[in-house]
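Here's upload.cif, which has mmCIF, C-alpha atoms:
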```cif
data_structure
#
loop_
_atom_site.group_PDB
_atom_site.id
_atom_site.type_symbol
_atom_site.label_atom_id
_atom_site.label_comp_id
_atom_site.auth_asym_id
_atom_site.auth_seq_id
_atom_site.Cartn_x
_atom_site.Cartn_y
_atom_site.Cartn_z
ATOM 1 C CA MET A 22 0.000 0.000 0.000
ATOM 2 C CA ALA A 23 1.079 3.597 0.603
ATOM 3 C CA THR A 24 3.574 5.308 2.875
ATOM 4 C CA VAL A 25 1.926 7.903 5.114
ATOM 5 C CA LEU A 26 3.564 10.651 7.154
ATOM 6 C CA SER A 27 1.390 11.602 10.129
ATOM 7 C CA VAL A 28 2.388 15.077 11.351
ATOM 8 C CA SER A 29 1.316 16.569 14.670
ATOM 9 C CA GLY A 30 1.715 20.333 14.859
ATOM 10 C CA SER A 31 0.920 20.507 18.558
ATOM 11 C CA PRO A 32 3.482 21.992 20.946
ATOM 12 C CA SER A 33 2.094 19.982 23.886
ATOM 13 C CA ALA A 34 3.572 16.709 25.133
ATOM 14 C CA THR A 35 0.089 15.671 26.306
ATOM 15 C CA SER A 36 -1.601 16.787 23.116
ATOM 16 C CA ARG A 37 -5.072 15.555 22.230
ATOM 17 C CA THR A 38 -4.172 16.308 18.620
ATOM 18 C CA ALA A 39 -1.166 13.961 18.659
ATOM 19 C CA ARG A 40 -3.120 11.252 20.476
ATOM 20 C CA LEU A 41 -5.924 11.534 17.940
ATOM 21 C CA LEU A 42 -3.430 11.239 15.093
ATOM 22 C CA ARG A 43 -1.844 8.129 16.614
ATOM 23 C CA HIS A 44 -5.365 6.660 16.916
ATOM 24 C CA LEU A 45 -6.014 7.347 13.219
ATOM 25 C CA ASP A 46 -2.542 5.995 12.365
ATOM 26 C CA GLU A 47 -3.687 2.630 13.752
ATOM 27 C CA ARG A 48 -6.671 2.675 11.393
ATOM 28 C CA LEU A 49 -4.414 3.419 8.418
ATOM 29 C CA ILE A 50 -1.984 0.656 9.440
ATOM 30 C CA ALA A 51 -4.910 -1.777 9.702
ATOM 31 C CA GLN A 52 -5.780 -0.817 6.110
ATOM 32 C CA GLY A 53 -2.297 -1.829 4.996
ATOM 33 C CA HIS A 54 -0.481 1.507 4.927
ATOM 34 C CA GLU A 55 2.963 2.106 6.402
ATOM 35 C CA VAL A 56 2.729 5.071 8.782
ATOM 36 C CA THR A 57 5.534 7.231 10.179
ATOM 37 C CA ALA A 58 4.683 9.685 12.948
ATOM 38 C CA LEU A 59 6.333 13.095 13.171
ATOM 39 C CA ASP A 60 5.681 15.273 16.220
ATOM 40 C CA VAL A 61 6.966 18.708 15.212
ATOM 41 C CA ARG A 62 7.500 19.574 18.890
ATOM 42 C CA THR A 63 10.386 17.064 18.956
ATOM 43 C CA LEU A 64 12.351 19.052 16.361
ATOM 44 C CA PRO A 65 14.922 21.502 17.761
ATOM 45 C CA ALA A 66 13.340 24.896 18.446
ATOM 46 C CA GLU A 67 16.498 26.715 17.415
ATOM 47 C CA ALA A 68 16.398 25.017 13.990
ATOM 48 C CA LEU A 69 12.695 25.807 13.497
ATOM 49 C CA LEU A 70 12.826 29.397 14.715
ATOM 50 C CA GLY A 71 16.211 30.139 13.155
ATOM 51 C CA ALA A 72 15.142 28.722 9.774
ATOM 52 C CA ASP A 73 18.105 26.345 9.770
ATOM 53 C CA PHE A 74 17.354 24.411 6.573
ATOM 54 C CA ALA A 75 20.622 22.462 6.912
ATOM 55 C CA HIS A 76 20.031 21.247 10.482
ATOM 56 C CA PRO A 77 20.122 17.417 10.455
ATOM 57 C CA ALA A 78 16.673 17.171 12.112
ATOM 58 C CA ILE A 79 15.136 19.477 9.489
ATOM 59 C CA VAL A 80 16.873 17.563 6.694
ATOM 60 C CA ARG A 81 15.431 14.287 8.124
ATOM 61 C CA ALA A 82 11.935 15.807 8.421
ATOM 62 C CA THR A 83 12.137 17.043 4.824
ATOM 63 C CA ALA A 84 13.173 13.553 3.709
ATOM 64 C CA LEU A 85 10.129 12.073 5.491
ATOM 65 C CA PHE A 86 7.887 14.366 3.435
ATOM 66 C CA GLU A 87 9.713 13.401 0.232
ATOM 67 C CA GLN A 88 9.314 9.666 0.912
ATOM 68 C CA ALA A 89 5.607 9.810 1.774
ATOM 69 C CA ASP A 90 2.799 9.057 -0.661
ATOM 70 C CA GLY A 91 0.344 10.771 1.659
ATOM 71 C CA VAL A 92 0.505 13.193 4.559
ATOM 72 C CA VAL A 93 -1.894 13.613 7.464
ATOM 73 C CA ILE A 94 -1.489 17.068 9.023
ATOM 74 C CA GLY A 95 -2.998 17.526 12.467
ATOM 75 C CA THR A 96 -2.991 20.755 14.434
ATOM 76 C CA PRO A 97 -4.661 22.356 17.397
ATOM 77 C CA VAL A 98 -6.391 25.604 16.511
ATOM 78 C CA TYR A 99 -5.164 28.737 18.268
ATOM 79 C CA LYS A 100 -6.680 32.146 17.506
ATOM 80 C CA ALA A 101 -8.614 30.711 14.532
ATOM 81 C CA ALA A 102 -5.503 29.316 12.816
ATOM 82 C CA TYR A 103 -3.200 26.317 12.841
ATOM 83 C CA SER A 104 -0.313 26.258 15.304
ATOM 84 C CA GLY A 105 2.738 28.464 14.907
ATOM 85 C CA LEU A 106 4.867 25.370 15.466
ATOM 86 C CA LEU A 107 3.358 23.729 12.392
ATOM 87 C CA LYS A 108 3.823 26.970 10.433
ATOM 88 C CA SER A 109 7.506 26.998 11.402
ATOM 89 C CA LEU A 110 8.000 23.535 9.899
ATOM 90 C CA LEU A 111 5.941 24.204 6.776
ATOM 91 C CA ASP A 112 8.028 27.331 6.149
ATOM 92 C CA LEU A 113 11.226 25.253 6.162
ATOM 93 C CA LEU A 114 9.996 22.684 3.659
ATOM 94 C CA PRO A 115 10.638 23.097 -0.072
ATOM 95 C CA GLN A 116 7.923 25.085 -1.874
ATOM 96 C CA TYR A 117 6.481 21.942 -3.470
ATOM 97 C CA ALA A 118 7.097 19.502 -0.619
ATOM 98 C CA LEU A 119 3.597 18.067 -1.081
ATOM 99 C CA ALA A 120 3.829 17.738 -4.881
ATOM 100 C CA GLY A 121 1.885 14.744 -6.104
ATOM 101 C CA LYS A 122 0.851 13.713 -2.578
ATOM 102 C CA THR A 123 -2.546 13.105 -1.044
ATOM 103 C CA VAL A 124 -3.123 15.202 2.085
ATOM 104 C CA LEU A 125 -5.613 14.901 4.951
ATOM 105 C CA PRO A 126 -5.935 18.053 7.110
ATOM 106 C CA LEU A 127 -7.228 17.613 10.669
ATOM 107 C CA ALA A 128 -7.689 20.096 13.501
ATOM 108 C CA THR A 129 -8.754 20.082 17.128
ATOM 109 C CA GLY A 130 -10.029 22.964 19.209
ATOM 110 C CA GLY A 131 -12.137 24.092 22.085
ATOM 111 C CA SER A 132 -14.915 25.844 20.192
ATOM 112 C CA THR A 133 -17.014 25.338 17.077
ATOM 113 C CA ALA A 134 -16.109 28.951 16.274
ATOM 114 C CA HIS A 135 -12.865 27.492 14.864
ATOM 115 C CA VAL A 136 -14.412 24.883 12.569
ATOM 116 C CA LEU A 137 -13.464 26.812 9.434
ATOM 117 C CA ALA A 138 -9.783 27.036 10.403
ATOM 118 C CA ILE A 139 -9.029 24.036 8.199
ATOM 119 C CA ASP A 140 -10.569 25.579 5.089
ATOM 120 C CA TYR A 141 -9.575 29.213 5.623
ATOM 121 C CA ALA A 142 -6.171 28.909 7.304
ATOM 122 C CA LEU A 143 -4.606 25.471 6.753
ATOM 123 C CA ARG A 144 -5.908 24.326 3.362
ATOM 124 C CA PRO A 145 -4.573 27.361 1.402
ATOM 125 C CA VAL A 146 -1.053 26.836 2.773
ATOM 126 C CA LEU A 147 -1.169 23.122 2.009
ATOM 127 C CA ALA A 148 -2.543 23.802 -1.489
ATOM 128 C CA SER A 149 0.346 26.190 -2.183
ATOM 129 C CA MET A 150 2.727 23.276 -1.615
ATOM 130 C CA GLY A 151 1.462 21.391 -4.680
ATOM 131 C CA PRO A 152 -0.425 18.324 -3.464
ATOM 132 C CA ALA A 153 -2.198 16.166 -6.029
ATOM 133 C CA HIS A 154 -5.249 15.991 -3.770
ATOM 134 C CA ILE A 155 -6.358 17.425 -0.434
ATOM 135 C CA THR A 156 -9.115 15.213 0.897
ATOM 136 C CA PRO A 157 -11.937 16.574 3.054
ATOM 137 C CA GLY A 158 -10.605 17.343 6.511
ATOM 138 C CA TRP A 159 -12.226 17.289 9.920
ATOM 139 C CA PHE A 160 -12.337 19.515 12.997
ATOM 140 C CA THR A 161 -12.782 17.704 16.316
ATOM 141 C CA LEU A 162 -13.822 19.476 19.484
ATOM 142 C CA ASP A 163 -11.494 18.933 22.440
ATOM 143 C CA LYS A 164 -14.465 17.811 24.536
ATOM 144 C CA ASP A 165 -15.013 14.923 22.097
ATOM 145 C CA ILE A 166 -11.530 13.523 22.817
ATOM 146 C CA THR A 167 -11.058 11.828 26.173
ATOM 147 C CA VAL A 168 -7.848 10.256 27.418
ATOM 148 C CA GLY A 169 -8.245 7.685 30.180
ATOM 149 C CA GLU A 170 -5.837 7.327 33.091
ATOM 150 C CA ASP A 171 -4.353 4.303 31.316
ATOM 151 C CA GLY A 172 -3.718 6.420 28.206
ATOM 152 C CA THR A 173 -6.549 4.979 26.124
ATOM 153 C CA LEU A 174 -8.231 7.385 23.771
ATOM 154 C CA THR A 175 -11.982 7.640 23.431
ATOM 155 C CA VAL A 176 -13.607 9.763 20.751
ATOM 156 C CA ALA A 177 -17.275 10.748 21.059
ATOM 157 C CA PRO A 178 -19.414 8.628 18.700
ATOM 158 C CA GLY A 179 -20.364 11.387 16.222
ATOM 159 C CA SER A 180 -16.800 12.599 15.902
ATOM 160 C CA ALA A 181 -15.437 9.044 15.754
ATOM 161 C CA GLU A 182 -17.751 8.244 12.853
ATOM 162 C CA ALA A 183 -16.784 11.400 10.951
ATOM 163 C CA LEU A 184 -13.075 10.821 11.573
ATOM 164 C CA ALA A 185 -13.370 7.233 10.359
ATOM 165 C CA GLN A 186 -15.076 8.479 7.201
ATOM 166 C CA VAL A 187 -12.452 11.122 6.337
ATOM 167 C CA THR A 188 -9.630 8.697 7.180
ATOM 168 C CA ASP A 189 -11.171 6.043 4.935
ATOM 169 C CA GLN A 190 -11.585 8.595 2.109
ATOM 170 C CA PHE A 191 -7.914 9.517 2.500
ATOM 171 C CA SER A 192 -6.959 5.826 2.471
ATOM 172 C CA ALA A 193 -9.031 5.196 -0.661
ATOM 173 C CA ALA A 194 -7.452 8.197 -2.397
ATOM 174 C CA LEU A 195 -4.007 6.859 -1.472
ATOM 175 C CA SER A 196 -4.871 3.396 -2.723
ATOM 176 C CA GLY A 197 -6.046 4.825 -6.042
ATOM 177 C CA ARG A 198 -2.870 6.901 -6.312
ATOM 178 C CA THR A 199 -0.505 3.991 -5.645
ATOM 179 C CA THR A 200 -2.428 1.802 -8.111
ATOM 180 C CA LEU A 201 -2.031 4.491 -10.793
ATOM 181 C CA LEU A 202 1.681 4.885 -10.033
ATOM 182 C CA ALA A 203 2.222 1.126 -10.215
ATOM 183 C CA ALA A 204 0.398 0.948 -13.567
ATOM 184 C CA ALA A 205 2.462 3.840 -14.940
ATOM 185 C CA GLY A 206 5.739 2.257 -13.767
#
```
Spell out the structure here as structure tokens.
Amino acid sequence: MATVLSVSGSPSATSRTARLLRHLDERLIAQGHEVTALDVRTLPAEALLGADFAHPAIVRATALFEQADGVVIGTPVYKAAYSGLLKSLLDLLPQYALAGKTVLPLATGGSTAHVLAIDYALRPVLASMGPAHITPGWFTLDKDITVGEDGTLTVAPGSAEALAQVTDQFSAALSGRTTLLAAAG
């Protein structure tokens, strides 16, 4: 199947966004995809903020984007936009780092007032990076994501159903893409 890069743009070590992504990663793995997780918060701050394109961690992150057939981008929403941490990474990637790739944008936040952040803040930036396809994304309210004391993640039924649907659409788009690439090769 396809190689997927699952990127969390959350600055928090206890991020609901990252936990949600890892939950969706399991679904993609079960569908036969190879998934690599990238938590942007683990990249050196000095490299991100200093725009150090040559820093080994930035070079490795760029290579992960290059190797991926598809990219899942997850971010918490702050002030009606995606995280500054995610923006710092996206700014360091080559202009067409998403060229030919299938992309799934996801966001989490505390209020439905931020639902349009995917379409009005994140999607235009992702589109400028040349993806072949940006699948429908999904905004999940923080209150719909619960982490148990044992670390298990529970997603409220309505959100879980919607997330499964957008993840499956992304997976299907990836499967169609890799089938086309194999036929062309």
Pull out every residue that the PyMOL selection byres ((chain A and resi 163) around 6) matches in the shown coordinates and put them as a short mmCIF file (atom, residue, chain, number, x, y, z; two decimals) with C-alpha atoms, keeping the file's coordinate frame.
```
data_model
loop_
_atom_site.label_atom_id
_atom_site.label_comp_id
_atom_site.auth_asym_id
_atom_site.auth_seq_id
_atom_site.Cartn_x
_atom_site.Cartn_y
_atom_site.Cartn_z
CA GLY A 130 -10.03 22.96 19.21
CA GLY A 131 -12.14 24.09 22.08
CA LEU A 162 -13.82 19.48 19.48
CA LYS A 164 -14.46 17.81 24.54
CA ASP A 165 -15.01 14.92 22.10
CA ILE A 166 -11.53 13.52 22.82
#
```
Could you tell me which residues the PyMOL selection byres ((chain A and resi 98-108) around 8) grabs in this file, written as an mmCIF file with C-alpha atoms, keeping the file's coordinate frame?
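Output (expr_31.cif):
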```
data_model
loop_
_atom_site.group_PDB
_atom_site.id
_atom_site.type_symbol
_atom_site.label_atom_id
_atom_site.label_comp_id
_atom_site.auth_asym_id
_atom_site.auth_seq_id
_atom_site.Cartn_x
_atom_site.Cartn_y
_atom_site.Cartn_z
ATOM 1 C CA SER A 29 1.316 16.569 14.670
ATOM 2 C CA GLY A 30 1.715 20.333 14.859
ATOM 3 C CA SER A 31 0.920 20.507 18.558
ATOM 4 C CA PRO A 32 3.482 21.992 20.946
ATOM 5 C CA VAL A 61 6.966 18.708 15.212
ATOM 6 C CA ARG A 62 7.500 19.574 18.890
ATOM 7 C CA THR A 96 -2.991 20.755 14.434
ATOM 8 C CA PRO A 97 -4.661 22.356 17.397
ATOM 9 C CA SER A 109 7.506 26.998 11.402
ATOM 10 C CA LEU A 110 8.000 23.535 9.899
ATOM 11 C CA LEU A 111 5.941 24.204 6.776
ATOM 12 C CA ASP A 112 8.028 27.331 6.149
ATOM 13 C CA ALA A 128 -7.689 20.096 13.501
ATOM 14 C CA THR A 129 -8.754 20.082 17.128
ATOM 15 C CA GLY A 130 -10.029 22.964 19.209
ATOM 16 C CA ALA A 134 -16.109 28.951 16.274
ATOM 17 C CA HIS A 135 -12.865 27.492 14.864
ATOM 18 C CA ALA A 138 -9.783 27.036 10.403
ATOM 19 C CA ILE A 139 -9.029 24.036 8.199
ATOM 20 C CA ALA A 142 -6.171 28.909 7.304
ATOM 21 C CA LEU A 143 -4.606 25.471 6.753
#
```
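Closest approach to Leu26 (chain A) among A:Gln186, A:Thr167, A:Thr57, A:Ser149: A:Thr57, based on all atoms listed in the file.
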For Thr173 (chain A), list every protein, DNA or RNA residue within 10 Å, evaluated using all atoms listed in the file, and leave out those in the same chain fewer than 4 positions away; present the list as a PyMOL selection string.
-> chain A and resi 40+44+167-169
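In this comparison, which uses all atoms listed in the file, the residue of A:Ile155, A:His76, A:Glu182, A:Ala66 approaching Gly91 (chain A) most closely is A:Ile155.
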Selection near Ala89 (chain A), 8 Å with all atoms listed in the file, sequence-local residues under 3 positions removed, as number ranges by chain = A: 23-26, 85-86, 92, 122
Find the residues around Tyr117 (chain A) up to 6 Å (only C-alpha atoms counted), leave out those fewer than 2 positions away in its own chain, and share them as an MDAnalysis selection string.
-> chainID A and resid 115 119:120 150:151
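Minimum distance to Leu195 (chain A) across A:Met22, A:Thr38, A:Pro145, A:Val93 (counting all atoms listed in the file) occurs at A:Met22.
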Take CA of Leu113 (chain A) and CA of Pro126 (chain A) and report the distance between them in Å, one decimal.
-> 18.6 Å
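Reported to one decimal place, the separation of CA of Leu64 (chain A) from CA of Val124 (chain A) is 21.4 Å.
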Repair of region 48-67 of chain A at the level of N, CA, C and O atoms, as a PDB file, in the coordinates of the input:
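Resulting contents of rebuild-v1.pdb:
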```
ATOM      1  N   ARG A  48      -5.671   3.007  12.409  1.00  0.00           N
ATOM      2  CA  ARG A  48      -6.671   2.675  11.393  1.00  0.00           C
ATOM      3  C   ARG A  48      -6.010   2.544  10.015  1.00  0.00           C
ATOM      4  O   ARG A  48      -6.313   1.631   9.253  1.00  0.00           O
ATOM      5  N   LEU A  49      -5.107   3.466   9.709  1.00  0.00           N
ATOM      6  CA  LEU A  49      -4.414   3.419   8.418  1.00  0.00           C
ATOM      7  C   LEU A  49      -3.500   2.195   8.320  1.00  0.00           C
ATOM      8  O   LEU A  49      -3.425   1.552   7.270  1.00  0.00           O
ATOM      9  N   ILE A  50      -2.830   1.854   9.419  1.00  0.00           N
ATOM     10  CA  ILE A  50      -1.984   0.656   9.440  1.00  0.00           C
ATOM     11  C   ILE A  50      -2.838  -0.591   9.221  1.00  0.00           C
ATOM     12  O   ILE A  50      -2.467  -1.484   8.451  1.00  0.00           O
ATOM     13  N   ALA A  51      -3.996  -0.632   9.868  1.00  0.00           N
ATOM     14  CA  ALA A  51      -4.910  -1.777   9.702  1.00  0.00           C
ATOM     15  C   ALA A  51      -5.387  -1.909   8.256  1.00  0.00           C
ATOM     16  O   ALA A  51      -5.738  -2.995   7.801  1.00  0.00           O
ATOM     17  N   GLN A  52      -5.373  -0.794   7.518  1.00  0.00           N
ATOM     18  CA  GLN A  52      -5.780  -0.817   6.110  1.00  0.00           C
ATOM     19  C   GLN A  52      -4.604  -1.117   5.182  1.00  0.00           C
ATOM     20  O   GLN A  52      -4.741  -1.065   3.969  1.00  0.00           O
ATOM     21  N   GLY A  53      -3.443  -1.408   5.772  1.00  0.00           N
ATOM     22  CA  GLY A  53      -2.297  -1.829   4.996  1.00  0.00           C
ATOM     23  C   GLY A  53      -1.265  -0.769   4.674  1.00  0.00           C
ATOM     24  O   GLY A  53      -0.301  -1.031   3.957  1.00  0.00           O
ATOM     25  N   HIS A  54      -1.435   0.438   5.196  1.00  0.00           N
ATOM     26  CA  HIS A  54      -0.481   1.507   4.927  1.00  0.00           C
ATOM     27  C   HIS A  54       0.671   1.472   5.933  1.00  0.00           C
ATOM     28  O   HIS A  54       0.502   1.042   7.068  1.00  0.00           O
ATOM     29  N   GLU A  55       1.820   1.940   5.508  1.00  0.00           N
ATOM     30  CA  GLU A  55       2.963   2.106   6.402  1.00  0.00           C
ATOM     31  C   GLU A  55       2.912   3.547   6.896  1.00  0.00           C
ATOM     32  O   GLU A  55       2.877   4.475   6.090  1.00  0.00           O
ATOM     33  N   VAL A  56       2.890   3.736   8.210  1.00  0.00           N
ATOM     34  CA  VAL A  56       2.729   5.071   8.782  1.00  0.00           C
ATOM     35  C   VAL A  56       3.952   5.452   9.619  1.00  0.00           C
ATOM     36  O   VAL A  56       4.404   4.677  10.450  1.00  0.00           O
ATOM     37  N   THR A  57       4.454   6.651   9.382  1.00  0.00           N
ATOM     38  CA  THR A  57       5.534   7.231  10.179  1.00  0.00           C
ATOM     39  C   THR A  57       4.978   8.468  10.866  1.00  0.00           C
ATOM     40  O   THR A  57       4.375   9.324  10.214  1.00  0.00           O
ATOM     41  N   ALA A  58       5.168   8.538  12.177  1.00  0.00           N
ATOM     42  CA  ALA A  58       4.683   9.685  12.948  1.00  0.00           C
ATOM     43  C   ALA A  58       5.790  10.727  13.081  1.00  0.00           C
ATOM     44  O   ALA A  58       6.961  10.381  13.279  1.00  0.00           O
ATOM     45  N   LEU A  59       5.411  11.979  12.952  1.00  0.00           N
ATOM     46  CA  LEU A  59       6.333  13.095  13.171  1.00  0.00           C
ATOM     47  C   LEU A  59       5.640  14.104  14.077  1.00  0.00           C
ATOM     48  O   LEU A  59       4.651  14.725  13.689  1.00  0.00           O
ATOM     49  N   ASP A  60       6.163  14.247  15.297  1.00  0.00           N
ATOM     50  CA  ASP A  60       5.681  15.273  16.220  1.00  0.00           C
ATOM     51  C   ASP A  60       6.619  16.464  16.073  1.00  0.00           C
ATOM     52  O   ASP A  60       7.795  16.389  16.461  1.00  0.00           O
ATOM     53  N   VAL A  61       6.126  17.545  15.500  1.00  0.00           N
ATOM     54  CA  VAL A  61       6.966  18.708  15.212  1.00  0.00           C
ATOM     55  C   VAL A  61       7.618  19.229  16.482  1.00  0.00           C
ATOM     56  O   VAL A  61       8.748  19.711  16.458  1.00  0.00           O
ATOM     57  N   ARG A  62       6.949  19.078  17.627  1.00  0.00           N
ATOM     58  CA  ARG A  62       7.500  19.574  18.890  1.00  0.00           C
ATOM     59  C   ARG A  62       8.819  18.906  19.258  1.00  0.00           C
ATOM     60  O   ARG A  62       9.572  19.427  20.078  1.00  0.00           O
ATOM     61  N   THR A  63       9.131  17.753  18.652  1.00  0.00           N
ATOM     62  CA  THR A  63      10.386  17.064  18.956  1.00  0.00           C
ATOM     63  C   THR A  63      11.559  17.599  18.136  1.00  0.00           C
ATOM     64  O   THR A  63      12.713  17.238  18.391  1.00  0.00           O
ATOM     65  N   LEU A  64      11.279  18.445  17.153  1.00  0.00           N
ATOM     66  CA  LEU A  64      12.351  19.052  16.361  1.00  0.00           C
ATOM     67  C   LEU A  64      12.981  20.198  17.162  1.00  0.00           C
ATOM     68  O   LEU A  64      12.285  20.864  17.941  1.00  0.00           O
ATOM     69  N   PRO A  65      14.258  20.443  16.985  1.00  0.00           N
ATOM     70  CA  PRO A  65      14.922  21.502  17.761  1.00  0.00           C
ATOM     71  C   PRO A  65      14.324  22.882  17.493  1.00  0.00           C
ATOM     72  O   PRO A  65      14.226  23.319  16.342  1.00  0.00           O
ATOM     73  N   ALA A  66      13.948  23.563  18.565  1.00  0.00           N
ATOM     74  CA  ALA A  66      13.340  24.896  18.446  1.00  0.00           C
ATOM     75  C   ALA A  66      14.272  25.862  17.733  1.00  0.00           C
ATOM     76  O   ALA A  66      13.825  26.663  16.898  1.00  0.00           O
ATOM     77  N   GLU A  67      15.555  25.777  18.030  1.00  0.00           N
ATOM     78  CA  GLU A  67      16.498  26.715  17.415  1.00  0.00           C
ATOM     79  C   GLU A  67      16.562  26.515  15.895  1.00  0.00           C
ATOM     80  O   GLU A  67      16.721  27.471  15.137  1.00  0.00           O
TER      81      GLU A  67
END
```
